[in-house]
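Listing of protein15.cif; format and content: mmCIF, C-alpha atoms.
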```cif
data_input
loop_
_atom_site.group_PDB
_atom_site.id
_atom_site.type_symbol
_atom_site.label_atom_id
_atom_site.label_comp_id
_atom_site.auth_asym_id
_atom_site.auth_seq_id
_atom_site.Cartn_x
_atom_site.Cartn_y
_atom_site.Cartn_z
ATOM 1 C CA MET A 1 9.482 -16.454 4.287
ATOM 2 C CA ASN A 2 6.897 -13.675 4.095
ATOM 3 C CA ARG A 3 6.138 -12.739 0.475
ATOM 4 C CA ILE A 4 7.074 -9.081 1.096
ATOM 5 C CA ASP A 5 10.572 -9.971 2.332
ATOM 6 C CA LYS A 6 11.028 -12.432 -0.505
ATOM 7 C CA LYS A 7 10.016 -9.871 -3.126
ATOM 8 C CA PHE A 8 12.372 -7.174 -1.851
ATOM 9 C CA GLN A 9 15.225 -9.698 -1.728
ATOM 10 C CA GLU A 10 14.547 -10.709 -5.338
ATOM 11 C CA LEU A 11 14.440 -7.084 -6.479
ATOM 12 C CA LYS A 12 17.601 -6.160 -4.578
ATOM 13 C CA ALA A 13 19.474 -8.987 -6.292
ATOM 14 C CA LYS A 14 18.370 -7.531 -9.649
ATOM 15 C CA ASN A 15 18.997 -3.922 -8.567
ATOM 16 C CA LYS A 16 15.340 -3.123 -9.281
ATOM 17 C CA THR A 17 12.791 -0.921 -7.523
ATOM 18 C CA ALA A 18 9.452 -2.293 -6.319
ATOM 19 C CA PHE A 19 6.333 -0.776 -7.826
ATOM 20 C CA ILE A 20 3.419 -0.808 -5.367
ATOM 21 C CA PRO A 21 -0.007 0.290 -6.633
ATOM 22 C CA PHE A 22 -2.728 1.142 -4.117
ATOM 23 C CA ILE A 23 -6.342 0.260 -4.855
ATOM 24 C CA THR A 24 -9.476 0.371 -2.739
ATOM 25 C CA ALA A 25 -11.041 -3.043 -2.216
ATOM 26 C CA GLY A 26 -14.545 -3.088 -3.679
ATOM 27 C CA ASP A 27 -14.414 -0.007 -5.899
ATOM 28 C CA PRO A 28 -16.232 -0.433 -8.184
ATOM 29 C CA ASP A 29 -16.726 -4.043 -6.945
ATOM 30 C CA LEU A 30 -14.640 -6.869 -5.508
ATOM 31 C CA GLN A 31 -14.501 -8.966 -8.674
ATOM 32 C CA THR A 32 -13.070 -5.974 -10.531
ATOM 33 C CA THR A 33 -10.605 -5.426 -7.684
ATOM 34 C CA LYS A 34 -9.409 -9.010 -8.087
ATOM 35 C CA ALA A 35 -9.118 -8.599 -11.865
ATOM 36 C CA LEU A 36 -7.157 -5.354 -11.398
ATOM 37 C CA ILE A 37 -4.666 -6.998 -9.044
ATOM 38 C CA LEU A 38 -4.034 -9.779 -11.557
ATOM 39 C CA GLU A 39 -3.695 -7.239 -14.382
ATOM 40 C CA PHE A 40 -1.322 -5.048 -12.364
ATOM 41 C CA GLU A 41 0.834 -8.081 -11.597
ATOM 42 C CA LYS A 42 0.930 -8.939 -15.309
ATOM 43 C CA ARG A 43 2.030 -5.359 -16.039
ATOM 44 C CA GLY A 44 4.947 -5.585 -13.612
ATOM 45 C CA ALA A 45 3.598 -4.521 -10.195
ATOM 46 C CA ASP A 46 5.544 -6.173 -7.374
ATOM 47 C CA ILE A 47 3.405 -5.636 -4.271
ATOM 48 C CA ILE A 48 -0.230 -4.548 -3.882
ATOM 49 C CA GLU A 49 -1.425 -2.097 -1.249
ATOM 50 C CA LEU A 50 -5.097 -2.899 -0.729
ATOM 51 C CA GLY A 51 -7.210 -0.286 1.011
ATOM 52 C CA ILE A 52 -9.878 -1.595 3.385
ATOM 53 C CA PRO A 53 -12.715 0.969 3.216
ATOM 54 C CA PHE A 54 -13.408 2.912 6.391
ATOM 55 C CA SER A 55 -15.950 5.636 7.075
ATOM 56 C CA ASP A 56 -13.470 8.076 8.655
ATOM 57 C CA PRO A 57 -10.123 7.721 6.865
ATOM 58 C CA ILE A 58 -7.256 9.393 8.691
ATOM 59 C CA ALA A 59 -4.581 10.050 6.081
ATOM 60 C CA ASP A 60 -6.495 9.879 2.816
ATOM 61 C CA GLY A 61 -7.343 12.760 0.535
ATOM 62 C CA PRO A 62 -10.620 13.314 -1.347
ATOM 63 C CA ILE A 63 -9.987 10.816 -4.175
ATOM 64 C CA ILE A 64 -9.395 7.822 -1.909
ATOM 65 C CA GLN A 65 -12.056 8.998 0.556
ATOM 66 C CA ALA A 66 -14.573 8.978 -2.298
ATOM 67 C CA SER A 67 -13.531 5.466 -3.322
ATOM 68 C CA TYR A 68 -14.004 4.259 0.261
ATOM 69 C CA TYR A 69 -17.454 5.816 0.320
ATOM 70 C CA ARG A 70 -18.464 4.105 -2.936
ATOM 71 C CA ALA A 71 -17.270 0.727 -1.669
ATOM 72 C CA LEU A 72 -19.097 1.113 1.652
ATOM 73 C CA VAL A 73 -22.300 2.164 -0.093
ATOM 74 C CA HIS A 74 -22.066 -1.063 -2.100
ATOM 75 C CA GLY A 75 -21.945 -3.002 1.179
ATOM 76 C CA VAL A 76 -18.299 -4.109 1.076
ATOM 77 C CA LYS A 77 -17.177 -5.563 4.420
ATOM 78 C CA VAL A 78 -13.852 -6.852 5.732
ATOM 79 C CA ALA A 79 -15.033 -10.471 5.521
ATOM 80 C CA HIS A 80 -15.909 -9.997 1.830
ATOM 81 C CA ILE A 81 -12.454 -8.531 1.162
ATOM 82 C CA LEU A 82 -10.694 -11.428 2.859
ATOM 83 C CA ASP A 83 -12.802 -13.882 0.826
ATOM 84 C CA MET A 84 -11.715 -12.092 -2.354
ATOM 85 C CA VAL A 85 -8.039 -12.285 -1.340
ATOM 86 C CA SER A 86 -8.474 -15.987 -0.590
ATOM 87 C CA GLU A 87 -9.907 -16.519 -4.100
ATOM 88 C CA LEU A 88 -7.055 -14.505 -5.586
ATOM 89 C CA ARG A 89 -4.496 -16.788 -3.985
ATOM 90 C CA ASN A 90 -5.616 -19.562 -6.339
ATOM 91 C CA LYS A 91 -4.073 -17.526 -9.176
ATOM 92 C CA SER A 92 -1.408 -15.281 -7.682
ATOM 93 C CA GLU A 93 1.324 -15.114 -5.053
ATOM 94 C CA ILE A 94 1.862 -11.354 -5.338
ATOM 95 C CA PRO A 95 2.513 -9.838 -1.883
ATOM 96 C CA ILE A 96 -0.469 -7.878 -0.528
ATOM 97 C CA VAL A 97 -0.339 -5.371 2.317
ATOM 98 C CA SER A 98 -3.617 -3.809 3.434
ATOM 99 C CA MET A 99 -4.086 -0.244 4.611
ATOM 100 C CA VAL A 100 -6.604 -0.415 7.440
ATOM 101 C CA SER A 101 -7.852 1.657 10.360
ATOM 102 C CA TYR A 102 -6.773 0.334 13.748
ATOM 103 C CA SER A 103 -10.384 0.380 14.963
ATOM 104 C CA THR A 104 -11.140 -2.310 12.360
ATOM 105 C CA VAL A 105 -8.312 -4.456 13.724
ATOM 106 C CA TYR A 106 -9.046 -3.734 17.375
ATOM 107 C CA ARG A 107 -12.781 -4.435 17.199
ATOM 108 C CA GLY A 108 -12.409 -8.214 16.957
ATOM 109 C CA GLY A 109 -9.006 -8.416 18.632
ATOM 110 C CA CYS A 110 -5.532 -8.164 17.147
ATOM 111 C CA HIS A 111 -4.853 -11.890 17.310
ATOM 112 C CA ALA A 112 -8.113 -12.801 15.582
ATOM 113 C CA PHE A 113 -7.617 -10.185 12.846
ATOM 114 C CA VAL A 114 -4.071 -11.309 12.058
ATOM 115 C CA GLU A 115 -5.168 -14.947 12.056
ATOM 116 C CA LYS A 116 -7.975 -14.239 9.568
ATOM 117 C CA ALA A 117 -5.737 -12.045 7.415
ATOM 118 C CA LEU A 118 -3.040 -14.717 7.242
ATOM 119 C CA LYS A 119 -5.554 -17.445 6.446
ATOM 120 C CA ALA A 120 -6.945 -15.339 3.576
ATOM 121 C CA GLY A 121 -3.479 -14.653 2.167
ATOM 122 C CA LEU A 122 -2.591 -11.128 3.264
ATOM 123 C CA ASP A 123 1.065 -10.507 4.050
ATOM 124 C CA GLY A 124 0.916 -7.381 6.203
ATOM 125 C CA LEU A 125 -0.828 -4.171 7.220
ATOM 126 C CA THR A 126 -0.255 -0.439 7.143
ATOM 127 C CA ILE A 127 -2.177 1.314 9.920
ATOM 128 C CA PRO A 128 -1.998 5.105 9.654
ATOM 129 C CA ASP A 129 -3.859 5.793 12.920
ATOM 130 C CA LEU A 130 -1.785 3.517 15.185
ATOM 131 C CA PRO A 131 1.228 5.314 16.718
ATOM 132 C CA VAL A 132 4.345 3.173 16.909
ATOM 133 C CA GLU A 133 4.492 3.758 20.690
ATOM 134 C CA GLU A 134 1.070 2.116 21.156
ATOM 135 C CA ASN A 135 1.249 -0.969 18.960
ATOM 136 C CA TYR A 136 3.050 -3.489 21.175
ATOM 137 C CA GLU A 137 0.221 -6.048 21.160
ATOM 138 C CA LEU A 138 -0.241 -6.028 17.400
ATOM 139 C CA PHE A 139 3.507 -6.094 16.722
ATOM 140 C CA SER A 140 3.949 -9.013 19.075
ATOM 141 C CA VAL A 141 1.197 -11.045 17.392
ATOM 142 C CA ALA A 142 2.467 -10.148 13.916
ATOM 143 C CA GLU A 143 6.083 -10.998 14.678
ATOM 144 C CA LYS A 144 5.167 -14.437 15.989
ATOM 145 C CA ASN A 145 3.332 -15.154 12.716
ATOM 146 C CA ASP A 146 5.785 -13.556 10.239
ATOM 147 C CA PHE A 147 3.082 -11.030 9.365
ATOM 148 C CA LYS A 148 4.387 -7.550 8.579
ATOM 149 C CA ILE A 149 3.296 -4.263 10.173
ATOM 150 C CA VAL A 150 4.576 -1.467 7.943
ATOM 151 C CA CYS A 151 5.191 1.863 9.708
ATOM 152 C CA PHE A 152 5.133 5.416 8.391
ATOM 153 C CA VAL A 153 7.855 8.058 8.456
ATOM 154 C CA ALA A 154 6.987 11.658 7.529
ATOM 155 C CA PRO A 155 9.161 14.655 6.626
ATOM 156 C CA THR A 156 8.286 16.078 10.068
ATOM 157 C CA THR A 157 9.273 12.950 12.042
ATOM 158 C CA THR A 158 11.869 13.754 14.684
ATOM 159 C CA ASP A 159 15.184 11.899 14.732
ATOM 160 C CA GLU A 160 14.213 10.200 17.998
ATOM 161 C CA ARG A 161 10.912 8.861 16.646
ATOM 162 C CA MET A 162 12.518 7.986 13.318
ATOM 163 C CA ALA A 163 14.976 5.723 15.134
ATOM 164 C CA LEU A 164 12.097 3.996 16.956
ATOM 165 C CA ILE A 165 9.998 3.601 13.807
ATOM 166 C CA THR A 166 12.857 2.195 11.733
ATOM 167 C CA GLN A 167 13.554 -0.283 14.504
ATOM 168 C CA LYS A 168 9.960 -1.536 14.627
ATOM 169 C CA SER A 169 8.739 -1.410 11.014
ATOM 170 C CA GLN A 170 8.484 -4.779 9.305
ATOM 171 C CA GLY A 171 8.594 -5.607 5.598
ATOM 172 C CA PHE A 172 9.351 -2.057 4.530
ATOM 173 C CA LEU A 173 9.189 1.540 5.705
ATOM 174 C CA TYR A 174 6.495 3.751 4.190
ATOM 175 C CA TYR A 175 7.968 7.211 3.673
ATOM 176 C CA ILE A 176 5.292 9.891 3.281
ATOM 177 C CA SER A 177 6.766 12.284 0.742
ATOM 178 C CA VAL A 178 4.569 15.268 1.615
ATOM 179 C CA VAL A 179 3.206 16.934 4.725
ATOM 180 C CA GLY A 180 -0.528 16.262 4.604
ATOM 181 C CA ILE A 181 -2.921 13.750 3.136
ATOM 182 C CA THR A 182 -2.826 11.522 0.062
ATOM 183 C CA GLY A 183 -3.538 13.122 -3.277
ATOM 184 C CA ILE A 184 -2.265 13.988 -6.727
ATOM 185 C CA ARG A 185 0.604 16.469 -6.825
ATOM 186 C CA ASP A 186 2.185 18.407 -9.682
ATOM 187 C CA ARG A 187 5.632 18.016 -8.171
ATOM 188 C CA LEU A 188 7.337 16.300 -5.269
ATOM 189 C CA PRO A 189 9.126 18.071 -2.388
ATOM 190 C CA GLU A 190 12.723 19.146 -2.936
ATOM 191 C CA ASP A 191 13.884 17.510 0.305
ATOM 192 C CA ILE A 192 12.782 14.000 -0.673
ATOM 193 C CA VAL A 193 16.247 12.820 -1.774
ATOM 194 C CA GLN A 194 17.881 14.134 1.382
ATOM 195 C CA ASN A 195 15.242 12.518 3.608
ATOM 196 C CA ILE A 196 15.418 9.122 1.910
ATOM 197 C CA ASN A 197 19.202 9.085 2.144
ATOM 198 C CA LYS A 198 18.923 9.969 5.844
ATOM 199 C CA LEU A 199 16.593 7.004 6.408
ATOM 200 C CA LYS A 200 18.851 4.610 4.530
ATOM 201 C CA LYS A 201 21.773 5.534 6.763
ATOM 202 C CA ILE A 202 19.970 4.276 9.869
ATOM 203 C CA THR A 203 18.169 1.167 8.583
ATOM 204 C CA ASN A 204 18.524 -1.769 6.212
ATOM 205 C CA THR A 205 14.749 -2.096 5.931
ATOM 206 C CA PRO A 206 13.541 -1.255 2.392
ATOM 207 C CA VAL A 207 12.096 2.253 2.031
ATOM 208 C CA ALA A 208 9.042 2.805 -0.186
ATOM 209 C CA VAL A 209 7.761 6.281 -1.005
ATOM 210 C CA GLY A 210 4.095 7.245 -1.334
ATOM 211 C CA PHE A 211 1.675 10.197 -0.942
ATOM 212 C CA GLY A 212 1.840 12.517 -3.928
ATOM 213 C CA VAL A 213 3.627 10.219 -6.386
ATOM 214 C CA SER A 214 1.317 10.738 -9.352
ATOM 215 C CA THR A 215 3.055 10.343 -12.720
ATOM 216 C CA ALA A 216 5.573 8.146 -14.513
ATOM 217 C CA GLU A 217 8.092 10.972 -14.150
ATOM 218 C CA HIS A 218 7.519 11.096 -10.394
ATOM 219 C CA ALA A 219 7.901 7.315 -10.259
ATOM 220 C CA LYS A 220 11.154 7.516 -12.215
ATOM 221 C CA MET A 221 12.594 10.121 -9.852
ATOM 222 C CA VAL A 222 11.585 8.211 -6.725
ATOM 223 C CA GLY A 223 12.689 4.891 -8.204
ATOM 224 C CA LYS A 224 16.263 6.167 -8.425
ATOM 225 C CA ILE A 225 16.537 6.760 -4.679
ATOM 226 C CA ALA A 226 14.002 4.477 -2.952
ATOM 227 C CA ASP A 227 13.448 0.723 -2.768
ATOM 228 C CA GLY A 228 9.765 1.071 -3.626
ATOM 229 C CA VAL A 229 7.362 3.467 -5.352
ATOM 230 C CA ILE A 230 3.746 3.681 -4.152
ATOM 231 C CA VAL A 231 1.000 5.260 -6.289
ATOM 232 C CA GLY A 232 -2.581 5.479 -5.049
ATOM 233 C CA SER A 233 -4.682 8.566 -5.779
ATOM 234 C CA ALA A 234 -3.640 8.778 -9.441
ATOM 235 C CA ILE A 235 -4.770 5.170 -9.950
ATOM 236 C CA MET A 236 -8.021 5.634 -8.036
ATOM 237 C CA ARG A 237 -8.814 8.754 -10.079
ATOM 238 C CA GLU A 238 -8.626 6.650 -13.258
ATOM 239 C CA ILE A 239 -10.777 3.917 -11.715
ATOM 240 C CA GLU A 240 -13.396 6.532 -10.840
ATOM 241 C CA LYS A 241 -13.236 7.877 -14.388
ATOM 242 C CA TYR A 242 -13.910 4.450 -15.928
ATOM 243 C CA ALA A 243 -16.174 3.057 -13.193
ATOM 244 C CA LYS A 244 -19.291 3.026 -15.396
ATOM 245 C CA GLU A 245 -17.535 1.271 -18.274
ATOM 246 C CA PRO A 246 -17.630 -2.534 -18.647
ATOM 247 C CA SER A 247 -15.202 -4.176 -16.224
ATOM 248 C CA GLU A 248 -13.038 -5.541 -19.047
ATOM 249 C CA LYS A 249 -12.504 -2.052 -20.464
ATOM 250 C CA LEU A 250 -11.701 -0.583 -17.047
ATOM 251 C CA VAL A 251 -9.188 -3.345 -16.284
ATOM 252 C CA LYS A 252 -7.501 -3.022 -19.680
ATOM 253 C CA TYR A 253 -7.149 0.756 -19.432
ATOM 254 C CA LEU A 254 -5.907 0.683 -15.843
ATOM 255 C CA GLY A 255 -3.424 -2.015 -16.792
ATOM 256 C CA GLU A 256 -1.991 0.257 -19.470
ATOM 257 C CA PHE A 257 -1.916 3.195 -17.038
ATOM 258 C CA VAL A 258 -0.113 1.194 -14.361
ATOM 259 C CA GLY A 259 2.232 -0.251 -16.963
ATOM 260 C CA GLN A 260 3.524 3.257 -17.683
ATOM 261 C CA LEU A 261 4.048 3.893 -13.961
ATOM 262 C CA VAL A 262 5.939 0.611 -13.668
ATOM 263 C CA LEU A 263 8.237 1.591 -16.522
ATOM 264 C CA GLY A 264 8.893 4.902 -14.790
ATOM 265 C CA ALA A 265 9.619 3.333 -11.402
ATOM 266 C CA LYS A 266 12.003 0.770 -12.865
ATOM 267 C CA GLY A 267 13.790 3.267 -15.104
#
```
Target encoding structure tokens, full file:
Amino acid sequence: MNRIDKKFQELKAKNKTAFIPFITAGDPDLQTTKALILEFEKRGADIIELGIPFSDPIADGPIIQASYYRALVHGVKVAHILDMVSELRNKSEIPIVSMVSYSTVYRGGCHAFVEKALKAGLDGLTIPDLPVEENYELFSVAEKNDFKIVCFVAPTTTDERMALITQKSQGFLYYISVVGITGIRDRLPEDIVQNINKLKKITNTPVAVGFGVSTAEHAKMVGKIADGVIVGSAIMREIEKYAKEPSEKLVKYLGEFVGQLVLGAKG
């Protein structure tokens, strides 16, 4: 069984919400990324969303864009990231889903990318620039290999497209809580509860909420209604803040920061 499915089944049996931190692979470097994943798991994170740096991010705000830029400047490549994940698998079985641009997948072929990702130990992908209507080839390859392609639903998604997306998404559904790009928000939209409940009426696939979830209080609110809580920009802002500190100090501080978010998400 795919690690993502297994994790959500375990959490459902315990009536717990998944906490899913996002981090950019290679910011400030890949060894620190690996240490952060292990620390986040120790602090209670359930699934990792690992950003693969790309020069023209589609859905990401300035904080994550800047982290991608730093990683690319340092020469981080997809092959290096997969090697890091492979090393990580000697110490951890935490599910990992990577956010990646479709051009990165398409360049070497969908089958080859999924094969390499599986061999390294990834469990799935989120691809913000691949419309659900155009992803037949990738979905077919992924389904044959029990590799999950997580799809996005936005507040502006029509009922017709929502039905299609919920039918095709694998592992979990990524609900974008705000209209716009990733980033830190002071408050979450008032319609979030209504929209999550609407999704849950038409699918049994777990629903995780991201984009704008920035504080332990946000995580607590979302954790009461969703199956998963995703935090990215708030974590990457702290990584940027401590990037020039020794790696051990950065990892320790970020572990404490994520620990508070975990407590919020799990009530």
Padded axis-aligned box of stretch 72-84 of chain A (5 Å per side), centre and edge lengths, Å, one decimal, as JSON:
```
{"center_x": -16.5, "center_y": -5.9, "center_z": 1.7, "size_x": 21.6, "size_y": 26.0, "size_z": 18.1}
```
> Given the file above and the PyMOL selection byres ((chain A and resi 165-175) around 7), which residues are selected, and can you give them as a count of residues only?
Replying inline: 23
- prompt: Taking (-20.8, -8.2, -8.2) in the file's coordinates, which residues come within 12 Å, counting only C-alpha atoms, written as an MDAnalysis selection string?
  reply: chainID A and resid 26:34 71 74:76 80 84 247
Correct to one decimal, the distance atom CA of A:Asp129-atom CA of A:Lys144 is 22.4 Å
Query raised in the report: If you count all atoms listed in the file, which residues fall within 8 Å of A:Leu122, apart from same-chain ones fewer than 2 positions away, as an MDAnalysis selection string?
Result: chainID A and resid 85 95:98 117:120 124
In Å and to one decimal, atom CA of A:Gly255 is distant from atom CA of A:Arg3 by 22.5 Å
Per residue of stretch 59-142 of chain A within 12 Å of stretch 225-239 of chain A, note the shortest atom pair and the distance in Å to one decimal, counting all atoms listed in the file, and order the rows by chain and increasing residue number, as a Markdown table.
```
| residue | atom | partner | partner_atom | distance |
| --- | --- | --- | --- | --- |
| A:Ala59 | CA | A:Ser233 | CA | 12.0 |
| A:Asp60 | CA | A:Ser233 | CA | 8.9 |
| A:Gly61 | CA | A:Ser233 | CA | 8.0 |
| A:Pro62 | CA | A:Ser233 | CA | 8.8 |
| A:Ile63 | CA | A:Ser233 | CA | 6.0 |
| A:Ile64 | CA | A:Ser233 | CA | 6.1 |
| A:Gln65 | CA | A:Ser233 | CA | 9.7 |
| A:Ala66 | CA | A:Met236 | CA | 9.3 |
| A:Ser67 | CA | A:Met236 | CA | 7.3 |
| A:Tyr68 | CA | A:Met236 | CA | 10.3 |
| A:Arg70 | CA | A:Ile239 | CA | 11.7 |
| A:Val97 | CA | A:Ile230 | CA | 11.9 |
| A:Met99 | CA | A:Gly232 | CA | 11.3 |
```
Save out the residues we just selected, C-alpha atoms, as a PDB file, in the frame of the given file.
```
ATOM      1  CA  ALA A  59      -4.581  10.050   6.081  1.00  0.00           C
ATOM      2  CA  ASP A  60      -6.495   9.879   2.816  1.00  0.00           C
ATOM      3  CA  GLY A  61      -7.343  12.760   0.535  1.00  0.00           C
ATOM      4  CA  PRO A  62     -10.620  13.314  -1.347  1.00  0.00           C
ATOM      5  CA  ILE A  63      -9.987  10.816  -4.175  1.00  0.00           C
ATOM      6  CA  ILE A  64      -9.395   7.822  -1.909  1.00  0.00           C
ATOM      7  CA  GLN A  65     -12.056   8.998   0.556  1.00  0.00           C
ATOM      8  CA  ALA A  66     -14.573   8.978  -2.298  1.00  0.00           C
ATOM      9  CA  SER A  67     -13.531   5.466  -3.322  1.00  0.00           C
ATOM     10  CA  TYR A  68     -14.004   4.259   0.261  1.00  0.00           C
ATOM     11  CA  ARG A  70     -18.464   4.105  -2.936  1.00  0.00           C
ATOM     12  CA  VAL A  97      -0.339  -5.371   2.317  1.00  0.00           C
ATOM     13  CA  MET A  99      -4.086  -0.244   4.611  1.00  0.00           C
TER      14      MET A  99
END
```
